[in-house]
Structure formats: C-alpha cells, structure tokens
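Below: upload_25.txt (compact mmCIF, C-alpha atoms and all ligand atoms)
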# COMPACT_ATOMS: atom_id res chain seq x y z
CA MET A 1 161.94 140.22 65.54
CA ARG A 2 162.56 137.82 68.43
CA ASN A 3 159.18 136.78 69.74
CA VAL A 4 158.64 135.16 73.12
CA THR A 5 155.05 134.39 73.96
CA VAL A 6 154.88 134.58 77.72
CA ALA A 7 152.00 133.49 79.97
CA ALA A 8 151.42 134.91 83.43
CA ALA A 9 149.54 132.34 85.53
CA GLN A 10 147.95 134.18 88.42
CA MET A 11 146.74 131.95 91.26
CA GLY A 12 143.77 132.45 93.50
CA PRO A 13 144.23 131.59 97.17
CA VAL A 14 145.99 128.44 98.36
CA ASN A 15 144.65 127.15 101.68
CA ARG A 16 146.88 125.84 104.45
CA SER A 17 145.19 122.44 104.13
CA ASP A 18 145.77 122.16 100.35
CA SER A 19 148.19 119.35 99.53
CA ARG A 20 150.97 119.82 97.00
CA SER A 21 149.07 117.57 94.62
CA VAL A 22 145.99 119.82 94.70
CA VAL A 23 148.25 122.78 93.90
CA MET A 24 150.07 120.81 91.16
CA ASP A 25 146.73 120.15 89.46
CA ARG A 26 146.00 123.87 89.36
CA LEU A 27 149.46 124.77 88.07
CA ILE A 28 149.27 122.07 85.41
CA ALA A 29 145.78 123.16 84.28
CA MET A 30 147.11 126.69 83.76
CA MET A 31 150.20 125.37 82.00
CA GLU A 32 147.94 123.50 79.57
CA THR A 33 145.97 126.69 78.93
CA ALA A 34 149.20 128.60 78.34
CA SER A 35 150.43 125.93 75.96
CA ARG A 36 147.16 125.94 73.99
CA ARG A 37 147.65 129.70 73.57
CA GLY A 38 151.10 129.14 72.14
CA ALA A 39 153.15 130.25 75.15
CA ASP A 40 156.88 129.50 75.23
CA LEU A 41 157.09 130.22 78.94
CA VAL A 42 154.67 130.30 81.87
CA VAL A 43 155.34 132.38 85.00
CA TYR A 44 153.80 131.48 88.38
CA PRO A 45 153.67 133.48 91.64
CA GLU A 46 156.04 133.67 94.61
CA LEU A 47 155.66 130.71 97.03
CA ALA A 48 153.27 129.18 94.53
CA LEU A 49 153.19 125.71 96.08
CA THR A 50 151.76 126.67 99.47
CA THR A 51 149.75 129.27 101.25
CA PHE A 52 151.71 132.45 102.10
CA PHE A 53 152.83 131.03 105.47
CA PRO A 54 154.87 134.08 106.67
CA ARG A 55 151.53 135.49 107.80
CA TRP A 56 151.72 133.19 110.83
CA PHE A 57 154.10 132.93 113.78
CA ILE A 58 154.80 129.18 113.68
CA GLU A 59 156.70 127.79 116.65
CA ASP A 60 156.55 124.12 115.74
CA ASP A 61 159.52 123.26 113.48
CA VAL A 62 157.81 120.27 111.90
CA GLU A 63 154.83 122.41 110.97
CA LEU A 64 157.12 125.09 109.56
CA ASP A 65 159.35 122.69 107.63
CA ALA A 66 156.34 121.28 105.79
CA PHE A 67 156.16 124.52 103.78
CA TYR A 68 159.68 124.10 102.34
CA GLU A 69 161.01 122.06 99.39
CA ARG A 70 164.20 120.08 100.01
CA GLU A 71 164.69 119.24 96.34
CA MET A 72 163.29 120.56 93.07
CA PRO A 73 161.89 118.60 91.42
CA GLY A 74 160.93 116.37 94.32
CA PRO A 75 158.36 113.61 94.41
CA ASP A 76 155.47 116.06 94.87
CA THR A 77 156.60 118.57 92.25
CA ALA A 78 157.79 116.18 89.52
CA PRO A 79 154.37 116.22 87.75
CA LEU A 80 154.83 119.91 86.89
CA PHE A 81 158.28 119.28 85.40
CA ASP A 82 157.01 116.23 83.50
CA LYS A 83 154.04 118.11 82.05
CA ALA A 84 156.24 121.05 81.01
CA LYS A 85 158.64 118.75 79.20
CA GLN A 86 155.79 116.93 77.50
CA LEU A 87 154.31 120.25 76.31
CA GLY A 88 157.71 121.73 75.47
CA ILE A 89 157.05 124.82 77.56
CA GLY A 90 159.39 126.58 79.98
CA PHE A 91 158.35 127.86 83.39
CA ASN A 92 159.32 130.04 86.34
CA VAL A 93 157.96 129.11 89.76
CA GLY A 94 158.52 130.35 93.30
CA PHE A 95 158.83 128.14 96.39
CA ALA A 96 160.36 128.01 99.87
CA GLU A 97 163.75 126.30 99.71
CA LEU A 98 165.42 124.37 102.56
CA THR A 99 168.97 123.49 101.59
CA PRO A 100 170.92 120.43 102.80
CA LYS A 101 172.90 122.86 105.04
CA GLY A 102 169.67 124.01 106.68
CA GLU A 103 169.55 127.42 104.95
CA ARG A 104 166.12 128.80 104.10
CA PHE A 105 165.46 130.93 101.06
CA ASN A 106 162.48 132.36 99.21
CA THR A 107 163.47 131.01 95.82
CA SER A 108 162.40 130.83 92.20
CA ILE A 109 163.73 128.78 89.31
CA LEU A 110 163.68 129.10 85.55
CA VAL A 111 163.23 125.85 83.65
CA GLY A 112 163.72 125.58 79.89
CA PRO A 113 161.27 123.91 77.48
CA ASP A 114 163.40 120.74 77.50
CA GLY A 115 163.30 120.52 81.29
CA THR A 116 166.81 121.95 81.84
CA LEU A 117 167.28 124.16 84.90
CA LEU A 118 168.34 127.47 83.34
CA GLY A 119 168.63 129.51 86.50
CA LYS A 120 167.87 129.98 90.17
CA TYR A 121 167.17 133.16 92.15
CA ARG A 122 166.91 133.64 95.92
CA LYS A 123 164.91 136.67 97.10
CA ILE A 124 167.18 139.47 98.26
CA HIS A 125 164.82 142.13 99.67
CA LEU A 126 162.92 140.40 102.47
CA PRO A 127 160.10 142.57 103.86
CA GLY A 128 158.45 142.34 107.25
CA HIS A 129 159.93 141.59 110.67
CA PRO A 130 161.80 138.77 112.43
CA GLU A 131 159.87 138.55 115.72
CA HIS A 132 156.23 137.87 116.53
CA GLU A 133 154.28 141.16 116.62
CA PRO A 134 150.88 140.30 118.08
CA TRP A 135 149.46 143.81 117.52
CA ARG A 136 149.33 143.10 113.77
CA ALA A 137 146.15 141.72 112.18
CA PHE A 138 148.52 139.19 110.58
CA GLN A 139 152.26 138.67 110.56
CA HIS A 140 154.81 139.21 107.78
CA LEU A 141 157.65 137.02 109.04
CA GLU A 142 159.80 136.70 105.92
CA LYS A 143 162.75 138.04 107.92
CA ARG A 144 162.31 135.12 110.33
CA TYR A 145 161.67 132.31 107.86
CA PHE A 146 164.19 133.21 105.15
CA GLN A 147 167.68 134.60 104.88
CA PRO A 148 168.55 137.18 102.21
CA GLY A 149 169.36 135.59 98.88
CA ASN A 150 173.03 134.90 98.20
CA LEU A 151 172.97 134.52 94.42
CA GLY A 152 172.73 138.18 93.40
CA PHE A 153 170.59 139.36 90.51
CA ARG A 154 171.89 137.19 87.70
CA VAL A 155 170.51 136.90 84.18
CA PHE A 156 170.25 133.78 82.07
CA ASP A 157 170.24 133.12 78.33
CA GLY A 158 167.09 131.33 77.26
CA PHE A 159 163.98 131.60 75.11
CA GLY A 160 166.02 133.46 72.49
CA GLY A 161 166.82 136.28 74.88
CA ARG A 162 168.22 137.26 78.27
CA ILE A 163 165.98 136.51 81.23
CA GLY A 164 166.20 137.69 84.84
CA MET A 165 164.23 136.90 87.96
CA CYS A 166 163.31 138.67 91.17
CA ILE A 167 160.59 138.09 93.76
CA CYS A 168 157.81 140.29 95.12
CA ASN A 169 159.29 143.01 97.34
CA ASP A 170 162.35 143.14 95.05
CA ARG A 171 160.11 144.77 92.46
CA ARG A 172 159.84 147.91 94.58
CA TRP A 173 163.61 148.61 94.49
CA PRO A 174 165.17 150.28 91.43
CA GLU A 175 168.51 148.56 92.14
CA THR A 176 166.89 145.20 91.36
CA TYR A 177 166.14 146.09 87.77
CA ARG A 178 169.28 148.14 87.22
CA VAL A 179 171.66 145.37 88.23
CA MET A 180 169.92 143.12 85.72
CA GLY A 181 169.67 145.96 83.20
CA LEU A 182 173.44 146.29 83.35
CA GLN A 183 173.62 142.65 82.24
CA GLY A 184 171.36 143.33 79.27
CA VAL A 185 168.22 141.75 80.71
CA GLU A 186 165.33 141.64 78.24
CA MET A 187 162.60 140.09 80.37
CA VAL A 188 162.26 140.11 84.16
CA LEU A 189 160.04 137.41 85.66
CA LEU A 190 158.64 138.00 89.12
CA GLY A 191 156.01 136.44 91.33
CA PHE A 192 154.41 138.20 94.27
CA ASN A 193 152.11 137.90 97.31
CA THR A 194 150.97 141.35 98.38
CA PRO A 195 148.42 141.76 101.16
CA ILE A 196 146.35 144.85 100.41
CA HIS A 197 146.47 145.81 104.09
CA ASN A 198 149.90 146.86 105.32
CA PRO A 199 149.62 146.92 109.15
CA PRO A 200 152.46 149.43 109.82
CA ALA A 201 151.15 151.85 107.15
CA PRO A 202 147.41 151.33 106.54
CA GLU A 203 147.29 154.70 104.79
CA HIS A 204 149.00 152.98 101.84
CA ASP A 205 146.31 150.32 101.46
CA ARG A 206 144.21 152.23 98.93
CA LEU A 207 147.32 152.64 96.76
CA SER A 208 148.44 149.01 96.62
CA TRP A 209 147.38 148.51 92.99
CA HIS A 210 148.86 151.87 91.96
CA HIS A 211 152.23 151.15 93.61
CA ASN A 212 152.37 147.65 92.12
CA THR A 213 151.90 148.98 88.60
CA LEU A 214 154.10 152.03 89.19
CA VAL A 215 157.20 150.09 90.24
CA MET A 216 156.97 147.44 87.54
CA GLN A 217 156.29 149.92 84.74
CA SER A 218 159.20 152.11 85.90
CA GLY A 219 161.52 149.11 86.12
CA ALA A 220 160.58 148.04 82.59
CA TYR A 221 160.95 151.48 81.00
CA GLN A 222 164.13 152.56 82.80
CA ASN A 223 165.86 149.30 81.98
CA ALA A 224 164.45 148.68 78.51
CA CYS A 225 162.98 145.29 79.31
CA PHE A 226 159.72 143.40 79.60
CA VAL A 227 158.44 142.72 83.13
CA VAL A 228 156.09 139.85 83.90
CA GLY A 229 154.55 140.29 87.37
CA VAL A 230 152.40 137.43 88.66
CA SER A 231 150.33 137.49 91.82
CA LYS A 232 148.84 135.00 94.25
CA ALA A 233 145.58 136.85 94.72
CA GLY A 234 142.30 136.86 96.56
CA MET A 235 141.22 136.11 100.12
CA GLU A 236 143.81 133.63 101.37
CA GLU A 237 143.27 132.37 104.93
CA GLY A 238 141.50 135.61 105.86
CA VAL A 239 144.06 137.95 104.28
CA HIS A 240 143.19 139.78 101.08
CA HIS A 241 146.05 139.63 98.55
CA MET A 242 145.96 141.99 95.60
CA GLY A 243 145.71 140.74 92.02
CA GLY A 244 147.47 143.06 89.63
CA THR A 245 149.14 140.38 87.52
CA GLN A 246 150.36 142.02 84.35
CA ILE A 247 152.84 141.95 81.50
CA ILE A 248 154.67 145.20 80.78
CA ALA A 249 156.62 146.22 77.68
CA PRO A 250 159.88 148.23 77.58
CA THR A 251 157.69 151.21 76.66
CA GLY A 252 156.46 151.08 80.25
CA GLU A 253 152.99 150.15 79.01
CA THR A 254 151.00 147.26 80.43
CA ILE A 255 150.17 145.00 77.48
CA ALA A 256 148.15 142.34 79.31
CA VAL A 257 146.42 142.39 82.68
CA VAL A 258 144.15 140.07 84.65
CA THR A 259 140.51 140.79 85.28
CA GLY A 260 140.02 139.04 88.62
CA GLU A 261 141.60 137.49 91.72
CA GLY A 262 141.37 133.79 90.86
CA ASP A 263 143.41 131.35 88.78
CA GLU A 264 143.76 133.18 85.47
CA VAL A 265 146.18 132.97 82.56
CA ILE A 266 147.06 136.01 80.48
CA THR A 267 149.50 135.96 77.58
CA ALA A 268 151.45 138.44 75.49
CA ASP A 269 153.63 138.17 72.42
CA CYS A 270 156.84 139.97 73.36
CA ASP A 271 159.26 141.06 70.65
CA LEU A 272 162.54 141.22 72.54
CA ASP A 273 163.98 143.46 69.82
CA LEU A 274 161.75 146.22 71.18
CA CYS A 275 164.23 146.45 74.09
CA ARG A 276 166.89 147.73 71.70
CA SER A 277 164.92 150.82 70.77
CA TYR A 278 165.23 152.05 74.37
CA ARG A 279 168.62 150.58 75.23
CA GLU A 280 170.20 152.18 72.18
CA SER A 281 168.68 155.63 72.72
CA VAL A 282 167.46 157.20 75.95
CA PHE A 283 168.82 154.34 78.09
CA ALA A 284 172.10 153.68 76.28
CA PHE A 285 173.83 153.04 79.61
CA GLU A 286 177.37 153.09 78.21
CA ARG A 287 176.88 156.60 76.83
CA HIS A 288 174.68 158.25 79.44
CA ARG A 289 175.20 156.71 82.87
CA GLU A 290 177.54 158.51 85.30
CA PRO A 291 178.45 155.86 87.90
CA ASP A 292 181.06 158.12 89.55
CA SER A 293 178.14 160.15 90.86
CA TYR A 294 176.29 157.16 92.29
CA LYS A 295 178.72 156.30 95.12
CA LEU A 296 176.07 156.52 97.84
CA ILE A 297 174.11 153.73 96.19
CA THR A 298 176.63 151.12 97.28
CA GLY A 299 178.41 153.17 99.96
CA THR A 300 175.56 153.17 102.46
CA LYS A 301 172.56 151.03 103.36
CA GLY A 302 170.34 153.68 105.00
CA CYS A 303 170.05 157.46 104.81
CA VAL A 304 173.11 159.35 106.02
CA THR A 305 173.67 162.94 107.09
CA PRO A 306 175.03 165.35 104.48
CA GLY A 307 178.35 165.24 106.36
CA GLU A 308 178.56 161.44 106.20
CA ALA A 309 177.55 161.59 102.55
CA LYS A 310 180.55 163.80 101.84
CA ARG A 311 182.85 161.24 103.43
CA ILE A 312 181.44 158.50 101.24
CA ASP A 313 181.44 160.59 98.05
CA SER A 314 184.11 163.29 98.02
CA ALA A 315 182.46 165.00 95.03
CA LEU A 316 179.68 166.09 97.40
CA ALA A 317 182.26 168.05 99.45
CA ARG A 318 183.84 169.80 96.47
CA GLU A 319 182.26 173.27 96.87
CA ASP A 320 182.94 173.45 100.66
N1 LIG A 401 155.83 138.93 99.61
C1 LIG A 401 156.20 140.22 99.68
O1 LIG A 401 157.38 140.53 99.52
N2 LIG A 401 155.23 141.11 99.96
C2 LIG A 401 155.49 142.50 100.19
C3 LIG A 401 154.51 143.06 101.14
C4 LIG A 401 155.08 144.22 101.82
S1 LIG A 401 153.89 145.28 102.43
C5 LIG A 401 154.16 146.68 101.45
C6 LIG A 401 155.47 143.34 98.93
O2 LIG A 401 156.38 144.15 98.75
O3 LIG A 401 154.53 143.24 98.13
So that I can check it, write out the structure of this file as structure tokens.
Amino acid sequence: MRNVTVAAAQMGPVNRSDSRSVVMDRLIAMMETASRRGADLVVYPELALTTFFPRWFIEDDVELDAFYEREMPGPDTAPLFDKAKQLGIGFNVGFAELTPKGERFNTSILVGPDGTLLGKYRKIHLPGHPEHEPWRAFQHLEKRYFQPGNLGFRVFDGFGGRIGMCICNDRRWPETYRVMGLQGVEMVLLGFNTPIHNPPAPEHDRLSWHHNTLVMQSGAYQNACFVVGVSKAGMEEGVHHMGGTQIIAPTGETIAVVTGEGDEVITADCDLDLCRSYRESVFAFERHREPDSYKLITGTKGCVTPGEAKRIDSALARED
C-alpha cells in the first residue's frame, strides 16, 4: 500500500479587485485545513491567484500584465510557499506566467513538502478564440492571452508515486491522459475554470457537470490513475462557473466530491497501488495496445477525408 492523502481545495469566486494577499489568505486557510486532515498534497484551481481574466477583452497592456506572475515564488506568493514548508505539505497551483522572454503561458507547478519545485506544466489545449467577439455574453480569450504550452505532458516522481499535471480544457482530451499514462502516471492533478454557459453551444450548458465528470472518470479508468479535478466555482464577475471538484480513483469512481460552489476542501486517501490492478490487467499497455493502428492520432490535427486518411495510414487502404 502506498497511500497519498490528497486534498482538493476548490475556490469560490475571485473578484477583479481582490489583491494577491487576499487570495493568499484564502489559499493558506485551505492549506491549513488540508494539513489538519492529514493531507500530503493540496491541489488548487487553474489561474487560482486571480479572477478568470480571459473573460474580458483587455486592450491596456498594463492592466493585462497585472494578472501574470513574473516569478514563482514572488514577493506576493511567497507566503503560500512558506506556509507549505512550515506545514510540510506539497501543493499544485495554477497561475498566469509571463516569462523573461515575454512569453505567456497558463501554467501550474508542483511543489514538494520541503518546498522543492518538483515540476512545471504549461497548458497545451487552449480553448476559446483569439479576437474580440462582442456577440458573446462574455469572452474566452485564452487563445489571445496565452500560447500553447511547450513542455509536453511530463510526469514527476514525488509523494511516493508518479504525478502528472494538466489544466482545465486538457481534461477533455483523451491524448492528455494517455501521454501521461504511457509514462506510468499514478495521479493526475488538474485545476479548472468552466463557465456553465458556453456561448457558441448553449445547448451543452445543461450537461456541463455531466461532461466534467465523464471526461475525468474516463481518463482515470482508461489510464489506471487517480484524477484530482479542482474548480474555481460560483458567480465570478457575473459569470457562473461550475463546481464539480472531485477526486477519482483508477476504478473510474468518484471517491470525494464537493457539496457547494465556495471555498471547500475535500480529501481522499489514495492507495497508489490500486493503479497496478488496472495497469497489469485490462490496461496492460505493453500487451494490449496496437500503436501501428493509431497513425491518424499524430498524423493529422483535424478530421480528414477517407482518402487522406489512407495516405496517412496505409493500412486503411489495404482492402482497396
Ligand atoms: N479554462 C478552460 O479551459 N475552460 C474551458 C471552457 C470551455 S467551454 C466548453 C473548459 O474546457 O472547461
């Protein structure tokens, strides 16, 4: 048995006017709760330090830059790192990153219980649109404010197991989990901000909770790992973000779930050895996968015609 007690620290809304120190106090209060409950690791949402600013078209660079971190820890975020070290608890937190070269990423980091940086992830699947679309009730400008992550889906040894990270929209893509699954991931940590209303497809709104659970449970089961999904929830600056924070076992079952849309800590004791039961049977990749038949997965970005598919994967042309 290899137990990791993980805490998912869902956040209620963060207002545009909230300073980093106000947010730090909330994150630290939840870290203390997690620690009292015996957690080894606490997981926070995507862009946890600020409001979800991609909902606005922001033309003023100074205003926009204020949402990004230039260093981590920096003067405003050091209290979180200090508290974690004092409590001996690890954490995963999402934030907007502005690099010294001027690159902008939607990033998360994994910090060990001794304060060591164990890993960094930059969001790869960026949803939304790059230009202002005034017809929308609110914007989703991640494609404008961030570039696609350039660090791949790596996994990191820590907490007695193998830990991976992804962020929000990544959770909807099977490739996300599989690339980490192929590196033996045992626990995927992911924060999210999901408006319940999706302006281009409002017919999906009633299914937002269902889709959230569906993709994370599938990712966990099909890749024999735990998934810890953590939301920034509630009515944030007039936009309703779903809750749905939950911890999922390799069985595909949700083993802990929030009850509301505010700041709330849930915990679960996760025996990482449970992953083996699935990885050594139904999902023994080395025995059962057939990568020669998956050429379209990396050979094309969008849908192709059957004819183009045959050019990419000659096996598809074999009976012609
Ligand atoms: N932050 C983020 O990636 N949100 C998206 C909203 C897209 S609308 C379906 C998400 O996938 O939850």
Test item: residues lying within 7 Å of ligand LIG 401 (chain A) with all atoms listed in the file, as a short mmCIF file (atom, residue, chain, number, x, y, z; two decimals) with C-alpha atoms, keeping the file's coordinate frame:
data_model
loop_
_atom_site.label_atom_id
_atom_site.label_comp_id
_atom_site.auth_asym_id
_atom_site.auth_seq_id
_atom_site.Cartn_x
_atom_site.Cartn_y
_atom_site.Cartn_z
CA LEU A 126 162.92 140.40 102.47
CA PRO A 127 160.10 142.57 103.86
CA GLY A 128 158.45 142.34 107.25
CA CYS A 168 157.81 140.29 95.12
CA ASN A 169 159.29 143.01 97.34
CA ARG A 172 159.84 147.91 94.58
CA PHE A 192 154.41 138.20 94.27
CA ASN A 193 152.11 137.90 97.31
CA THR A 194 150.97 141.35 98.38
CA PRO A 195 148.42 141.76 101.16
CA ASN A 198 149.90 146.86 105.32
#
Residue nearest A:Gln246 among A:Leu190, A:Tyr177, A:Phe283, A:Asp271 (counting all atoms listed in the file): A:Leu190
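The residue that comes closest to A:Phe53, out of A:His132, A:His241, A:His288, A:Arg16 and on the basis of all atoms listed in the file, is A:Arg16.
Residues in contact with A:Gly102 at up to 12 Å, not including ones fewer than 6 positions away on its chain and judged by only C-alpha atoms, are Asp65, Tyr68, Glu69, Arg70, Tyr145, Phe146 and Gln147 of chain A.
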So that each row is one residue of stretch 61-163 of chain A with an atom at most 10 Å from stretch 217-240 of chain A, can you give its shortest atom pair and the distance in Å to one decimal, using all atoms listed in the file, rows by chain and rising number, as a Markdown table?
| residue | atom | partner | partner_atom | distance |
| --- | --- | --- | --- | --- |
| A:Ala137 | CA | A:Val239 | CA | 9.0 |
| A:Phe138 | CA | A:Val239 | CA | 7.8 |
| A:Arg162 | CA | A:Cys225 | CA | 9.6 |
| A:Ile163 | CA | A:Phe226 | CA | 9.5 |
Counting only C-alpha atoms, which residues of stretch 108-136 of chain A sit at most 12 Å from some atom of stretch 32-50 of chain A, and what is each one's closest atom pair with its distance in Å to one decimal, listed by chain and rising residue number, as JSON lines?
{"residue": "A:Ser108", "atom": "CA", "partner": "A:Glu46", "partner_atom": "CA", "distance": 7.4}
{"residue": "A:Ile109", "atom": "CA", "partner": "A:Val43", "partner_atom": "CA", "distance": 10.1}
{"residue": "A:Leu110", "atom": "CA", "partner": "A:Val43", "partner_atom": "CA", "distance": 9.0}
{"residue": "A:Val111", "atom": "CA", "partner": "A:Leu41", "partner_atom": "CA", "distance": 8.9}
{"residue": "A:Gly112", "atom": "CA", "partner": "A:Leu41", "partner_atom": "CA", "distance": 8.1}
{"residue": "A:Pro113", "atom": "CA", "partner": "A:Asp40", "partner_atom": "CA", "distance": 7.5}
{"residue": "A:Asp114", "atom": "CA", "partner": "A:Asp40", "partner_atom": "CA", "distance": 11.2}
{"residue": "A:Gly115", "atom": "CA", "partner": "A:Leu41", "partner_atom": "CA", "distance": 11.8}
{"residue": "A:Tyr121", "atom": "CA", "partner": "A:Glu46", "partner_atom": "CA", "distance": 11.4}
{"residue": "A:Arg122", "atom": "CA", "partner": "A:Glu46", "partner_atom": "CA", "distance": 10.9}
{"residue": "A:Lys123", "atom": "CA", "partner": "A:Glu46", "partner_atom": "CA", "distance": 9.7}
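Here atom CA of A:Val6 stands at a distance of 16.4 Å from atom CA of A:Cys166.
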Any idea what the distance is between atom CA of A:Leu117 and atom CA of A:Val23? 21.1 Å
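Note that the spacing between atom CA of A:Arg144 and atom CA of A:Trp56 amounts to 10.8 Å.
Each of A:Cys275, A:Leu87, A:Leu80, A:Ala66 was checked against A:Asp25 using all atoms listed in the file; the smallest atom-to-atom distance is that of A:Leu80.
With all atoms listed in the file as the atoms that count, the residue of A:Glu264, A:Glu308, A:Asp292, A:Asp269 with the shortest distance to A:Ala9 is A:Glu264.
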Could you rebuild stretch 167-185 of chain A with N, CA, C and O atoms and give me the result as a JSON list (two decimals), in the frame of the given file?
[["chain", "number", "residue", "atom", "x", "y", "z"],
["A", 167, "ILE", "N", 161.79, 138.58, 93.07],
["A", 167, "ILE", "CA", 160.59, 138.09, 93.76],
["A", 167, "ILE", "C", 159.96, 139.22, 94.58],
["A", 167, "ILE", "O", 160.63, 139.85, 95.40],
["A", 168, "CYS", "N", 158.71, 139.43, 94.34],
["A", 168, "CYS", "CA", 157.81, 140.29, 95.12],
["A", 168, "CYS", "C", 158.42, 141.61, 95.57],
["A", 168, "CYS", "O", 158.53, 142.53, 94.79],
["A", 169, "ASN", "N", 158.83, 141.72, 96.84],
["A", 169, "ASN", "CA", 159.29, 143.01, 97.34],
["A", 169, "ASN", "C", 160.46, 143.56, 96.54],
["A", 169, "ASN", "O", 160.64, 144.79, 96.45],
["A", 170, "ASP", "N", 161.26, 142.68, 95.92],
["A", 170, "ASP", "CA", 162.35, 143.14, 95.05],
["A", 170, "ASP", "C", 161.86, 144.12, 94.00],
["A", 170, "ASP", "O", 162.63, 144.98, 93.54],
["A", 171, "ARG", "N", 160.59, 143.94, 93.57],
["A", 171, "ARG", "CA", 160.11, 144.77, 92.46],
["A", 171, "ARG", "C", 159.98, 146.24, 92.84],
["A", 171, "ARG", "O", 159.83, 147.10, 91.97],
["A", 172, "ARG", "N", 160.00, 146.52, 94.13],
["A", 172, "ARG", "CA", 159.84, 147.91, 94.58],
["A", 172, "ARG", "C", 161.16, 148.69, 94.59],
["A", 172, "ARG", "O", 161.18, 149.89, 94.87],
["A", 173, "TRP", "N", 162.28, 148.00, 94.35],
["A", 173, "TRP", "CA", 163.61, 148.61, 94.49],
["A", 173, "TRP", "C", 164.25, 148.81, 93.13],
["A", 173, "TRP", "O", 164.47, 147.84, 92.39],
["A", 174, "PRO", "N", 164.61, 150.05, 92.77],
["A", 174, "PRO", "CA", 165.17, 150.28, 91.43],
["A", 174, "PRO", "C", 166.47, 149.52, 91.20],
["A", 174, "PRO", "O", 166.79, 149.15, 90.07],
["A", 175, "GLU", "N", 167.22, 149.27, 92.29],
["A", 175, "GLU", "CA", 168.51, 148.56, 92.14],
["A", 175, "GLU", "C", 168.30, 147.17, 91.53],
["A", 175, "GLU", "O", 169.16, 146.67, 90.79],
["A", 176, "THR", "N", 167.18, 146.55, 91.87],
["A", 176, "THR", "CA", 166.89, 145.20, 91.36],
["A", 176, "THR", "C", 166.97, 145.17, 89.84],
["A", 176, "THR", "O", 167.67, 144.35, 89.24],
["A", 177, "TYR", "N", 166.21, 146.08, 89.24],
["A", 177, "TYR", "CA", 166.14, 146.09, 87.77],
["A", 177, "TYR", "C", 167.46, 146.56, 87.16],
["A", 177, "TYR", "O", 167.89, 146.09, 86.13],
["A", 178, "ARG", "N", 168.10, 147.54, 87.83],
["A", 178, "ARG", "CA", 169.28, 148.14, 87.22],
["A", 178, "ARG", "C", 170.44, 147.15, 87.17],
["A", 178, "ARG", "O", 171.18, 147.09, 86.19],
["A", 179, "VAL", "N", 170.57, 146.35, 88.25],
["A", 179, "VAL", "CA", 171.66, 145.37, 88.23],
["A", 179, "VAL", "C", 171.43, 144.37, 87.08],
["A", 179, "VAL", "O", 172.38, 143.99, 86.39],
["A", 180, "MET", "N", 170.19, 144.02, 86.86],
["A", 180, "MET", "CA", 169.92, 143.12, 85.72],
["A", 180, "MET", "C", 170.00, 143.88, 84.40],
["A", 180, "MET", "O", 170.48, 143.34, 83.39],
["A", 181, "GLY", "N", 169.56, 145.14, 84.41],
["A", 181, "GLY", "CA", 169.67, 145.96, 83.20],
["A", 181, "GLY", "C", 171.11, 146.07, 82.73],
["A", 181, "GLY", "O", 171.39, 146.06, 81.53],
["A", 182, "LEU", "N", 172.01, 146.18, 83.70],
["A", 182, "LEU", "CA", 173.44, 146.29, 83.35],
["A", 182, "LEU", "C", 174.00, 144.98, 82.80],
["A", 182, "LEU", "O", 175.14, 144.95, 82.35],
["A", 183, "GLN", "N", 173.22, 143.92, 82.87],
["A", 183, "GLN", "CA", 173.62, 142.65, 82.24],
["A", 183, "GLN", "C", 172.78, 142.40, 80.98],
["A", 183, "GLN", "O", 172.71, 141.27, 80.49],
["A", 184, "GLY", "N", 172.10, 143.45, 80.52],
["A", 184, "GLY", "CA", 171.36, 143.33, 79.27],
["A", 184, "GLY", "C", 170.07, 142.52, 79.38],
["A", 184, "GLY", "O", 169.61, 141.93, 78.40],
["A", 185, "VAL", "N", 169.45, 142.54, 80.56],
["A", 185, "VAL", "CA", 168.22, 141.75, 80.71],
["A", 185, "VAL", "C", 167.15, 142.23, 79.72],
["A", 185, "VAL", "O", 167.04, 143.43, 79.45]]
